[in-house]
Each structure stands twice: as C-alpha cells, then as structure tokens.
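Taking it in order: structure first as structure tokens, then the write-up.
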Amino acid sequence: MLVDDLRMELTPEELSRRKLLGLVGSGCLAVFLAGSGAAIGQFMWPNVLFEEPSKVPLLRPEDVASGALTTFARHKVFLARAPGGFFAFTSVCTHLGCVTNYDQALGKILCPCHGSQFDLSGRVLGGPAPRPLPRLELTLEKGVLVADTRKFVEPDWVFKV
Ligand code: FES
C-alpha cells in the first residue's frame with residue numbers, strides 16, 4: 001500500500017465527523033490546560049494568612065476617662081486609667097472565648113454566653129470564667145497609647161506615663 005492510497009477524498013459525512021472529533025479533542029485540551037494553569041498558579045501564589053496588625057492605637061493618655069472603661073469593640077480591647085498609669089485588657093472571655101460587654105450602669109463586664117462577670121480591671125466576679133481577662137502590653141507611640149493584642153502582661157501590670 002502506498003502512502004498516496006491513504007489520501008482519499010473524504011465524504012461530507014466523514015468530514016463533519018472529523019470536525020466534531022477535532023472540536024471535542026480541542027475542548028478537552030483546553031480544559032486540561034486551564035486546570036493545569038490554575039493548579040500551577042495556586043502553587044506559585046504564597047500561602048500566607050493576612051492578619052490585622054497586633055498593635056492597636058487607642059487614645060492619647062489625656063483623653064482616657066477615669067473611673068470608666070473605654071471599649072474598642074473592633075479590636076476587642078478595654079482601656080482604663082489606673083492610679084499612676086493605664087492598663088488595657090482583652091474583652092475575650094477566658095471561659096470559651098465569647099466577647100464580653102462593658103455594662104456601665106452595673107459597673108461590670110458581662111459575658112453574654114454563660115454569665116461570667118468581671119470587674120473593671122478584668123478580675124472574675126462570678127460565673128464559669130477560670131481566669132481574669134488578660135492584660136495587654138501598652139506602649140506610648142507618638143503620644144498615643146498602643147495595645148499589643150498578642151503580648152500579655154501580669155494581671156496587675158500598669159503602664160506608667
Ligand atoms: S464564654 Fe464567657 S462565660 Fe462562657
């Protein structure tokens with residue numbers, strides 16, 4: 001058999017079948033390439049968790065009210081004035097992690113989940129919370145008190161300005 005014998009004229013039916021198979025093959029190739037490209041792209045992209053910065057600017061020392069807490073709900077931080085300084089602590093309950101609320105009328109911090117109560121320095125007054133609300137490290141940057149939500153200090157620590 002000669003190669004020229006293979007070069008036969010195609011009937012219109014054979015031609016359309018060939019076109020159909022060509023289209024299906026091209027489609028499969030396109031899907032394969034798109035999937036491979038996506039997998040390679042995902043591999044090349046850094047697998048990084050973008051978190052908010054841990055340092056939270058709060059208030060200027062002269063703007064902190066005395067005898068009351070200032071709540072920074074977005075950052076889950078309470079700020080208070082103490083004799084000779086300031087302290088900040090997290091509003092995340094030490095029982096199971098609910099966010100507590102400052103009840104100014106009662107003068108307490110209340111956890112809405114299981115009823116733990118804390119005083120205005122974060123000490124446990126009642127309920128299932130096993131520990132006080134953790135105090136956060138405070139610094140003064142450009143005249144503003146800054147709390148670091150990942151650095152905890154002793155329960156009676158006060159930042160003296
Ligand atoms: S989470 Fe606050 S009392 Fe349970």
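Residues are named by chain letter and number: chains run A, B, ... in the order of the structure tokens, numbers start at 1 in each chain, and ligands are numbered from 1 in the order shown.
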Exercise: Pro61 of chain A partners within 12 Å, only C-alpha atoms, chain neighbours under 6 positions left out, as a PDB file with C-alpha atoms, in the first residue's frame:
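And here's out_38.pdb as it stands now:
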ATOM      1  CA  THR A  70     -13.174  52.761  77.119  1.00  0.00           C
ATOM      2  CA  LEU A  79      -8.672  50.581  78.165  1.00  0.00           C
ATOM      3  CA  ALA A  80      -8.709  52.031  81.677  1.00  0.00           C
ATOM      4  CA  ARG A  81      -6.925  54.616  83.737  1.00  0.00           C
ATOM      5  CA  ALA A  82      -5.240  53.386  86.918  1.00  0.00           C
ATOM      6  CA  GLY A  84      -0.304  56.419  88.086  1.00  0.00           C
ATOM      7  CA  GLY A  85      -0.901  54.907  84.692  1.00  0.00           C
ATOM      8  CA  PHE A  86      -3.055  52.950  82.303  1.00  0.00           C
ATOM      9  CA  PHE A  87      -3.865  49.367  81.519  1.00  0.00           C
ATOM     10  CA  LEU A 138       0.767  49.035  76.400  1.00  0.00           C
ATOM     11  CA  THR A 139       3.294  51.417  74.882  1.00  0.00           C
ATOM     12  CA  LEU A 140       3.245  55.076  74.005  1.00  0.00           C
ATOM     13  CA  GLU A 141       3.871  55.808  70.333  1.00  0.00           C
ATOM     14  CA  LYS A 142       3.755  59.385  69.039  1.00  0.00           C
ATOM     15  CA  GLY A 143       1.749  60.413  72.095  1.00  0.00           C
ATOM     16  CA  VAL A 144      -0.866  57.659  71.673  1.00  0.00           C
ATOM     17  CA  LEU A 145      -1.352  54.593  73.871  1.00  0.00           C
ATOM     18  CA  VAL A 146      -0.898  51.466  71.771  1.00  0.00           C
ATOM     19  CA  PHE A 159       1.788  51.272  82.131  1.00  0.00           C
ATOM     20  CA  LYS A 160       3.150  54.398  83.785  1.00  0.00           C
ATOM     21  CA  VAL A 161       3.278  57.516  81.618  1.00  0.00           C
TER      22      VAL A 161
END
Would you mind listing the residues within 9 Å of ligand 1, counting only C-alpha atoms and all ligand atoms, as an mmCIF file with C-alpha atoms, in the first residue's frame?
data_model
loop_
_atom_site.group_PDB
_atom_site.id
_atom_site.type_symbol
_atom_site.label_atom_id
_atom_site.label_comp_id
_atom_site.auth_asym_id
_atom_site.auth_seq_id
_atom_site.Cartn_x
_atom_site.Cartn_y
_atom_site.Cartn_z
ATOM 1 C CA VAL A 92 -12.460 37.975 75.055
ATOM 2 C CA CYS A 93 -13.873 35.838 77.854
ATOM 3 C CA THR A 94 -11.487 33.313 79.378
ATOM 4 C CA HIS A 95 -14.232 30.690 79.593
ATOM 5 C CA LEU A 96 -14.988 29.834 75.963
ATOM 6 C CA GLY A 97 -13.941 32.937 74.078
ATOM 7 C CA CYS A 98 -17.109 35.000 73.748
ATOM 8 C CA VAL A 99 -16.697 38.749 73.528
ATOM 9 C CA THR A 100 -17.713 40.455 76.761
ATOM 10 C CA LEU A 110 -20.595 40.801 81.443
ATOM 11 C CA CYS A 111 -20.199 37.792 79.211
ATOM 12 C CA PRO A 112 -23.380 37.139 77.232
ATOM 13 C CA CYS A 113 -22.672 33.445 76.686
ATOM 14 C CA HIS A 114 -22.599 31.798 80.117
ATOM 15 C CA GLY A 115 -22.911 34.709 82.511
ATOM 16 C CA SER A 116 -19.371 35.318 83.686
ATOM 17 C CA GLN A 117 -18.881 38.705 85.311
ATOM 18 C CA GLY A 127 -19.509 32.632 86.527
ATOM 19 C CA PRO A 128 -17.514 29.902 84.887
ATOM 20 C CA ALA A 129 -14.588 32.039 83.633
#
Those of chain A in DSSP strand (DSSP E or B), formatted as a PyMOL selection string: chain A and resi 55-57+70-72+77-82+85-90+92+99+101-103+108-110+117-118+124-126+135-141+144-152+159
Nearest to Glu154 of chain A, chosen from A:Leu21, A:Ala88, A:Leu106, A:Leu33, with only C-alpha atoms counted in the distances: A:Ala88
Pairwise distance for atom CA of Val31 of chain A and atom CA of Pro12 of chain A, rounded to one decimal in Å: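 Answer for the atom CA of Val31 of chain A to atom CA of Pro12 of chain A separation: 28.6 Å.
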Gap from atom CA of Glu51 of chain A to atom CA of Leu136 of chain A - Å, one decimal: 18.2 Å
Surrounding residues of segment 52-56 of chain A excluding itself and chain neighbours under 3 positions, 8 Å, only C-alpha atoms, as a count of residues only: 6
Atomic distance atom CA of Glu62 of chain A - atom CA of Pro132 of chain A, expressed in Å with one decimal: 26.6 Å
Residues near Leu120 of chain A, cut-off 7 Å, only C-alpha atoms, skip fewer than 4 positions along chain, as a PyMOL selection string: chain A and resi 69+108-109
